[in-house]
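Encoded as C-alpha cells, the structure appears first; notes follow it.
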Amino acid sequence: MKASRVRLGDLSVGFTQALAAALRERGHDPQPLLEQFGLDAARLSEPRARLSIPRFMRLGHSAIALCGDPALGLDMGRLSRLGQVGLAGICAAQAPSLGAAARVLTDFEALYAANYRGSSGLVEDGRGAWLHFYSISPYNAYNRFVVDSVLAGWQSNLSQVIGRPVALERVEIEFPAPVYAERYEALFGCPVEFAAGANRLRLSAASLAQGNPEHCPGTWQQLLELCEREREQLTRTRSLRERVIQLLGPLLHGREPDLEELARRLQLPSWTLRRKLAEEGTQFRAILNDTRRDLAMAYIRDTELAFGEIAYLLGFASAEAFQRAFKRWLGQTPGDYRRAQRRAG
C-alpha cells in the first residue's frame with residue numbers, strides 16, 4: 001500500500017509567531033514548546049517553510065494546556081502582524097483600501113495556507129461584504145482556536161492596513177458558544193452569533209472603502225505581480241486527475257459526489273470528462289476511492305477525530321460503511337491502523 005498522497009493542509013510557520021507572542025504575554029517562554037515541535041530558529045527562518053495543519057492544531061492544543069487559557073486563539077489573532085502572512089501580507093499592507101487588502105488575503109491564501117477541504121473568500125454585495133473562513137468541523141479542543149485566531153487575525157491585519165481599528169458589523173462562528181464566549185464581543189466590538197452557518201466577519205461598504213495611508217501605487221502593482229506568479233507556481237496542476245482530486249475535498253462532507261457534478265464544476269460534458277480520464281489511464285470511481293482512502297489514512301494518523309466523524313467527512317452513509325471500505329483498502333480496521341501508527345510514531 002502506497003503512503004497517503006492527499007495532504008490535509010499546511011500553513012506558513014509565520015503563524016507560530018502570533019502563538020509565541022500570546023504565550024509571552026501570559027508570562028510563558030514559548031521557545032521550549034516551539035522546539036518540541038521542530039520549530040527552532042533555523043526552521044522559522046526558512047523561506048516558504050510550512051507546518052502541517054494537524055501539527056499546528058497539536059501545537060495550539062499544547063500551548064493552551066501550557067497557559068490554561070482556551071481563548072488563546074483570540075489573542076493570537078489580536079497579536080498577529082501582516083508580515084507573518086508572508087508575501088500576501090506584505091502585499092495587503094500596500095493595498096489602496098481595506099477592501100483591496102481583504103481581497104488580497106483571500107485571493108492569495110495559497111501563498112500562506114492550504115486546506116484540502118476548503119478555502120477562504122470575500123463575498124461582496126451592495127452594502128458590504130462577508131469575509132469567510134472555511135469550516136473545519138467537527139470542532140473539538142484541537143481546532144476551535146484556529147477559527148478564533150483567523151477571524152481575530154483578519155480584524156487585526158485589516159486594522160493595520162488603515163492605521164486604526166476596523167469597525168465590524170457582525171461576526172458569525174460555526175461552533176456553539178464556548179466557556180469564554182464573553183471575550184468575543186469585547187474583542188470584535190460587535191454582535192457575535194455562535195452555532196451559525198459559517199465562520200465569517202461582516203464589513204460595511206464604508207469600511208471596505210477606507211483608504212490605506214501607506215499605499216504606494218508602484219510598489220502595490222509590483223507586489224501583486226509577485227503574488228500572482230507565486231500563486232501560479234503553487235496551484236499549477238499537471239493532469240485532469242489532479243484537478244478532480246482538488247475538487248473532491250470540499251464536496252465530500254456528508255455525501256458522495258458523482259461524475260456529473262465534477263463535470264459541471266470543470267465545465268465539461270460528463271462524457272468528455274470520462275473520456276479524458278480514460279486517456280490518462282484512470283476513471284472517476286478509482287479517483288474517488290483513492291482519495292477517500294488517502295484522506296482516511298491522514299485523518300486517522302494525524303487527527304483525534306472519531307471514526308464516525310471521519311466517515312462523515314469522507315461522504316460515507318455510516319461509520320459501518322466506512323469501516324468496511326477501510327478494511328477492504330488496507331486489510332485492517334481503522335482502529336488497528338490508528339494503534340499501529342501510534343506505536344510507530
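A note on labels: chains of the C-alpha cells are A, B, ... as shown, every chain counts residues from 1, and ligands are counted from 1 in their shown order.
Those residues that approach Ile173 (chain A) to within 7 Å, counting only C-alpha atoms, are A:Glu193, A:Phe194, A:Ala195, A:Ala196, A:Ala198, A:Asn199, A:Arg200; same-chain residues fewer than 5 positions away are not listed.
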Using all heavy atoms, can you export the residues from the last selection as a PDB file, in the first residue's frame?
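The resulting file, out_19.pdb, is shown below:
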```
ATOM      1  N   GLU A 193     -22.543  35.862  16.809  1.00  0.00           N
ATOM      2  CA  GLU A 193     -23.503  34.748  16.825  1.00  0.00           C
ATOM      3  C   GLU A 193     -22.750  33.425  16.763  1.00  0.00           C
ATOM      4  O   GLU A 193     -21.936  33.212  15.854  1.00  0.00           O
ATOM      5  CB  GLU A 193     -24.455  34.839  15.637  1.00  0.00           C
ATOM      6  CG  GLU A 193     -25.444  33.683  15.579  1.00  0.00           C
ATOM      7  CD  GLU A 193     -26.272  33.648  14.311  1.00  0.00           C
ATOM      8  OE1 GLU A 193     -26.188  34.622  13.527  1.00  0.00           O
ATOM      9  OE2 GLU A 193     -26.991  32.653  14.085  1.00  0.00           O
ATOM     10  N   PHE A 194     -23.035  32.547  17.708  1.00  0.00           N
ATOM     11  CA  PHE A 194     -22.441  31.204  17.716  1.00  0.00           C
ATOM     12  C   PHE A 194     -23.424  30.200  17.118  1.00  0.00           C
ATOM     13  O   PHE A 194     -24.601  30.507  16.921  1.00  0.00           O
ATOM     14  CB  PHE A 194     -22.068  30.794  19.144  1.00  0.00           C
ATOM     15  CG  PHE A 194     -20.983  31.640  19.737  1.00  0.00           C
ATOM     16  CD1 PHE A 194     -21.274  32.706  20.584  1.00  0.00           C
ATOM     17  CD2 PHE A 194     -19.651  31.388  19.435  1.00  0.00           C
ATOM     18  CE1 PHE A 194     -20.276  33.500  21.119  1.00  0.00           C
ATOM     19  CE2 PHE A 194     -18.629  32.173  19.965  1.00  0.00           C
ATOM     20  CZ  PHE A 194     -18.948  33.230  20.809  1.00  0.00           C
ATOM     21  N   ALA A 195     -22.922  29.001  16.820  1.00  0.00           N
ATOM     22  CA  ALA A 195     -23.725  27.948  16.182  1.00  0.00           C
ATOM     23  C   ALA A 195     -24.350  28.482  14.890  1.00  0.00           C
ATOM     24  O   ALA A 195     -25.491  28.164  14.544  1.00  0.00           O
ATOM     25  CB  ALA A 195     -24.792  27.418  17.137  1.00  0.00           C
ATOM     26  N   ALA A 196     -23.584  29.306  14.178  1.00  0.00           N
ATOM     27  CA  ALA A 196     -24.047  29.904  12.917  1.00  0.00           C
ATOM     28  C   ALA A 196     -23.724  28.979  11.748  1.00  0.00           C
ATOM     29  O   ALA A 196     -23.092  27.933  11.910  1.00  0.00           O
ATOM     30  CB  ALA A 196     -23.392  31.269  12.724  1.00  0.00           C
ATOM     31  N   ALA A 198     -21.711  29.618   9.268  1.00  0.00           N
ATOM     32  CA  ALA A 198     -20.386  29.847   8.683  1.00  0.00           C
ATOM     33  C   ALA A 198     -19.513  30.574   9.691  1.00  0.00           C
ATOM     34  O   ALA A 198     -20.006  31.099  10.694  1.00  0.00           O
ATOM     35  CB  ALA A 198     -20.505  30.669   7.403  1.00  0.00           C
ATOM     36  N   ASN A 199     -18.207  30.594   9.409  1.00  0.00           N
ATOM     37  CA  ASN A 199     -17.258  31.405  10.167  1.00  0.00           C
ATOM     38  C   ASN A 199     -16.965  32.647   9.333  1.00  0.00           C
ATOM     39  O   ASN A 199     -16.312  32.536   8.285  1.00  0.00           O
ATOM     40  CB  ASN A 199     -15.957  30.634  10.403  1.00  0.00           C
ATOM     41  CG  ASN A 199     -16.176  29.374  11.211  1.00  0.00           C
ATOM     42  OD1 ASN A 199     -16.770  29.406  12.281  1.00  0.00           O
ATOM     43  ND2 ASN A 199     -15.696  28.242  10.696  1.00  0.00           N
ATOM     44  N   ARG A 200     -17.443  33.825   9.765  1.00  0.00           N
ATOM     45  CA  ARG A 200     -17.270  34.986   8.901  1.00  0.00           C
ATOM     46  C   ARG A 200     -17.417  36.307   9.653  1.00  0.00           C
ATOM     47  O   ARG A 200     -18.017  36.383  10.728  1.00  0.00           O
ATOM     48  CB  ARG A 200     -18.269  34.932   7.750  1.00  0.00           C
ATOM     49  CG  ARG A 200     -19.741  34.860   8.164  1.00  0.00           C
ATOM     50  CD  ARG A 200     -20.621  34.681   6.943  1.00  0.00           C
ATOM     51  NE  ARG A 200     -22.045  34.807   7.262  1.00  0.00           N
ATOM     52  CZ  ARG A 200     -23.018  34.879   6.360  1.00  0.00           C
ATOM     53  NH1 ARG A 200     -22.717  34.813   5.062  1.00  0.00           N
ATOM     54  NH2 ARG A 200     -24.273  35.006   6.719  1.00  0.00           N
TER      55      ARG A 200
END
```
Could you write out, as an MDAnalysis selection string, all the residues of region 122-344 of chain A that DSSP marks as alpha helix (DSSP H)? chainID A and resid 144:162 182:188 205:208 217:235 240:251 259:265 270:279 284:302 307:313 319:330 334:344
Which residues of region 168-229 of chain A come within 10 Å of region 101-118 of chain A, and what is each one's closest atom pair and distance in Å (one decimal), counting only C-alpha atoms, sorted by chain and residue number, as a Markdown table?
```
| residue | atom | partner | partner_atom | distance |
| --- | --- | --- | --- | --- |
| A:Leu208 | CA | A:Ala102 | CA | 8.5 |
| A:Asn212 | CA | A:Ala101 | CA | 9.2 |
| A:Leu224 | CA | A:Val104 | CA | 8.5 |
| A:Cys227 | CA | A:Phe108 | CA | 6.9 |
| A:Glu228 | CA | A:Phe108 | CA | 7.8 |
```
Residue neighbourhood region 23-27 of chain A, 8 Å, only C-alpha atoms, exclusion window fewer than 3 positions, as a JSON list (two decimals) with C-alpha atoms, in the first residue's frame:
```
[["chain", "number", "residue", "atom", "x", "y", "z"],
["A", 19, "LEU", "CA", 1.15, 31.99, 19.16],
["A", 20, "ALA", "CA", 4.56, 32.73, 20.70],
["A", 30, "PRO", "CA", 7.33, 29.74, 24.04],
["A", 63, "ALA", "CA", 0.02, 25.92, 24.10],
["A", 67, "CYS", "CA", -1.16, 28.57, 29.73]]
```
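Considering the residues A:His132, A:Arg7, A:Arg243, A:His253 and counting only C-alpha atoms, Asp294 (chain A) has its shortest atom-to-atom contact with A:Arg7.
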Check the smallest atom-to-atom distance from each of A:Arg81, A:Arg202, A:Arg55, A:Arg43 to Gly99 (chain A) using only C-alpha atoms, then report the winner. A:Arg202
Taking 3 positions as the minimum chain separation for residues in the same chain, which residues sit within 10 Å of Arg255 (chain A) when counting only C-alpha atoms? Answer as a list of chain:residue names. A:Leu251, A:Leu252, A:Asp258, A:Ala311, A:Tyr312, A:Leu313, A:Leu314, A:Gly315, A:Phe316, A:Ala317
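Of the listed residues (A:Arg241, A:Arg338, A:Arg58, A:His28), A:Arg338 comes nearest to Ala298 (chain A); the distances count only C-alpha atoms.
Residues of region 55-299 of chain A assigned to strand (DSSP E or B) by DSSP on this structure's backbone: Ser97, Ala113, Ala114, Asn115, Gly118, Gly121, Leu122, Val123, Glu124, Asp125, Gly128, Ala129, Trp130, Leu131, His132, Phe133, Arg170, Val171, Glu172, Val192, Glu193, Asn199, Arg200, Leu201, Arg202, Leu203, Ser204 and Gly211 of chain A.
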Same residues, N, CA, C and O atoms, saved as a tab-separated table (two decimals), in the first residue's frame:
```
chain	number	residue	atom	x	y	z
A	97	SER	N	-6.92	50.18	-0.29
A	97	SER	CA	-8.07	50.28	0.61
A	97	SER	C	-8.20	49.01	1.43
A	97	SER	O	-7.57	47.98	1.14
A	113	ALA	N	-1.31	29.46	3.18
A	113	ALA	CA	-2.06	28.37	3.80
A	113	ALA	C	-2.81	27.59	2.75
A	113	ALA	O	-3.22	28.13	1.72
A	114	ALA	N	-2.99	26.30	3.01
A	114	ALA	CA	-3.77	25.45	2.11
A	114	ALA	C	-4.49	24.41	2.94
A	114	ALA	O	-3.90	23.78	3.82
A	115	ASN	N	-5.78	24.26	2.68
A	115	ASN	CA	-6.57	23.22	3.34
A	115	ASN	C	-7.30	22.47	2.25
A	115	ASN	O	-8.02	23.08	1.44
A	118	GLY	N	-11.18	23.17	1.88
A	118	GLY	CA	-11.83	24.43	1.55
A	118	GLY	C	-10.87	25.59	1.53
A	118	GLY	O	-9.68	25.46	1.78
A	121	GLY	N	-12.73	33.26	1.58
A	121	GLY	CA	-13.23	34.07	0.48
A	121	GLY	C	-13.84	35.37	0.96
A	121	GLY	O	-14.16	35.53	2.14
A	122	LEU	N	-13.99	36.31	0.03
A	122	LEU	CA	-14.65	37.58	0.27
A	122	LEU	C	-15.86	37.66	-0.65
A	122	LEU	O	-15.71	37.64	-1.87
A	123	VAL	N	-17.05	37.72	-0.07
A	123	VAL	CA	-18.29	37.76	-0.85
A	123	VAL	C	-18.88	39.15	-0.69
A	123	VAL	O	-19.37	39.52	0.39
A	124	GLU	N	-18.84	39.94	-1.77
A	124	GLU	CA	-19.28	41.33	-1.72
A	124	GLU	C	-20.70	41.49	-2.24
A	124	GLU	O	-21.16	40.74	-3.10
A	125	ASP	N	-21.41	42.47	-1.69
A	125	ASP	CA	-22.74	42.84	-2.17
A	125	ASP	C	-22.84	44.36	-2.13
A	125	ASP	O	-21.86	45.05	-1.87
A	128	GLY	N	-21.86	45.86	1.47
A	128	GLY	CA	-20.61	45.50	2.15
A	128	GLY	C	-20.12	44.15	1.70
A	128	GLY	O	-20.25	43.78	0.52
A	129	ALA	N	-19.56	43.37	2.64
A	129	ALA	CA	-19.02	42.06	2.26
A	129	ALA	C	-18.91	41.17	3.49
A	129	ALA	O	-18.77	41.64	4.62
A	130	TRP	N	-18.98	39.87	3.23
A	130	TRP	CA	-18.67	38.84	4.23
A	130	TRP	C	-17.28	38.29	3.93
A	130	TRP	O	-17.00	37.88	2.81
A	131	LEU	N	-16.43	38.30	4.92
A	131	LEU	CA	-15.10	37.69	4.83
A	131	LEU	C	-15.21	36.37	5.57
A	131	LEU	O	-15.40	36.34	6.79
A	132	HIS	N	-15.14	35.26	4.83
A	132	HIS	CA	-15.44	33.97	5.46
A	132	HIS	C	-14.25	33.01	5.46
A	132	HIS	O	-13.41	33.02	4.56
A	133	PHE	N	-14.20	32.21	6.51
A	133	PHE	CA	-13.17	31.20	6.72
A	133	PHE	C	-13.85	29.84	6.64
A	133	PHE	O	-14.90	29.62	7.26
A	170	ARG	N	-20.70	42.53	12.26
A	170	ARG	CA	-21.17	41.28	12.84
A	170	ARG	C	-20.12	40.20	12.67
A	170	ARG	O	-19.35	40.22	11.70
A	171	VAL	N	-20.07	39.26	13.60
A	171	VAL	CA	-19.21	38.08	13.49
A	171	VAL	C	-20.08	36.85	13.70
A	171	VAL	O	-20.91	36.81	14.61
A	172	GLU	N	-19.92	35.86	12.84
A	172	GLU	CA	-20.65	34.59	12.96
A	172	GLU	C	-19.64	33.46	13.07
A	172	GLU	O	-18.64	33.44	12.34
A	192	VAL	N	-21.87	38.97	18.16
A	192	VAL	CA	-21.26	37.71	17.75
A	192	VAL	C	-22.31	36.60	17.89
A	192	VAL	O	-22.91	36.45	18.95
A	193	GLU	N	-22.54	35.86	16.81
A	193	GLU	CA	-23.50	34.75	16.83
A	193	GLU	C	-22.75	33.43	16.76
A	193	GLU	O	-21.94	33.21	15.85
A	199	ASN	N	-18.21	30.59	9.41
A	199	ASN	CA	-17.26	31.41	10.17
A	199	ASN	C	-16.97	32.65	9.33
A	199	ASN	O	-16.31	32.54	8.29
A	200	ARG	N	-17.44	33.83	9.77
A	200	ARG	CA	-17.27	34.99	8.90
A	200	ARG	C	-17.42	36.31	9.65
A	200	ARG	O	-18.02	36.38	10.73
A	201	LEU	N	-16.83	37.36	9.04
A	201	LEU	CA	-16.91	38.72	9.53
A	201	LEU	C	-17.71	39.55	8.53
A	201	LEU	O	-17.55	39.40	7.32
A	202	ARG	N	-18.54	40.46	9.04
A	202	ARG	CA	-19.29	41.36	8.15
A	202	ARG	C	-18.66	42.75	8.16
A	202	ARG	O	-18.45	43.36	9.23
A	203	LEU	N	-18.32	43.23	6.96
A	203	LEU	CA	-17.72	44.55	6.77
A	203	LEU	C	-18.68	45.43	5.99
A	203	LEU	O	-19.24	45.00	4.98
A	204	SER	N	-18.87	46.65	6.43
A	204	SER	CA	-19.75	47.58	5.71
A	204	SER	C	-19.06	48.12	4.47
A	204	SER	O	-17.83	48.06	4.35
A	211	GLY	N	-9.30	54.11	3.14
A	211	GLY	CA	-8.02	54.12	2.45
A	211	GLY	C	-6.84	53.75	3.33
A	211	GLY	O	-6.91	53.80	4.56
```
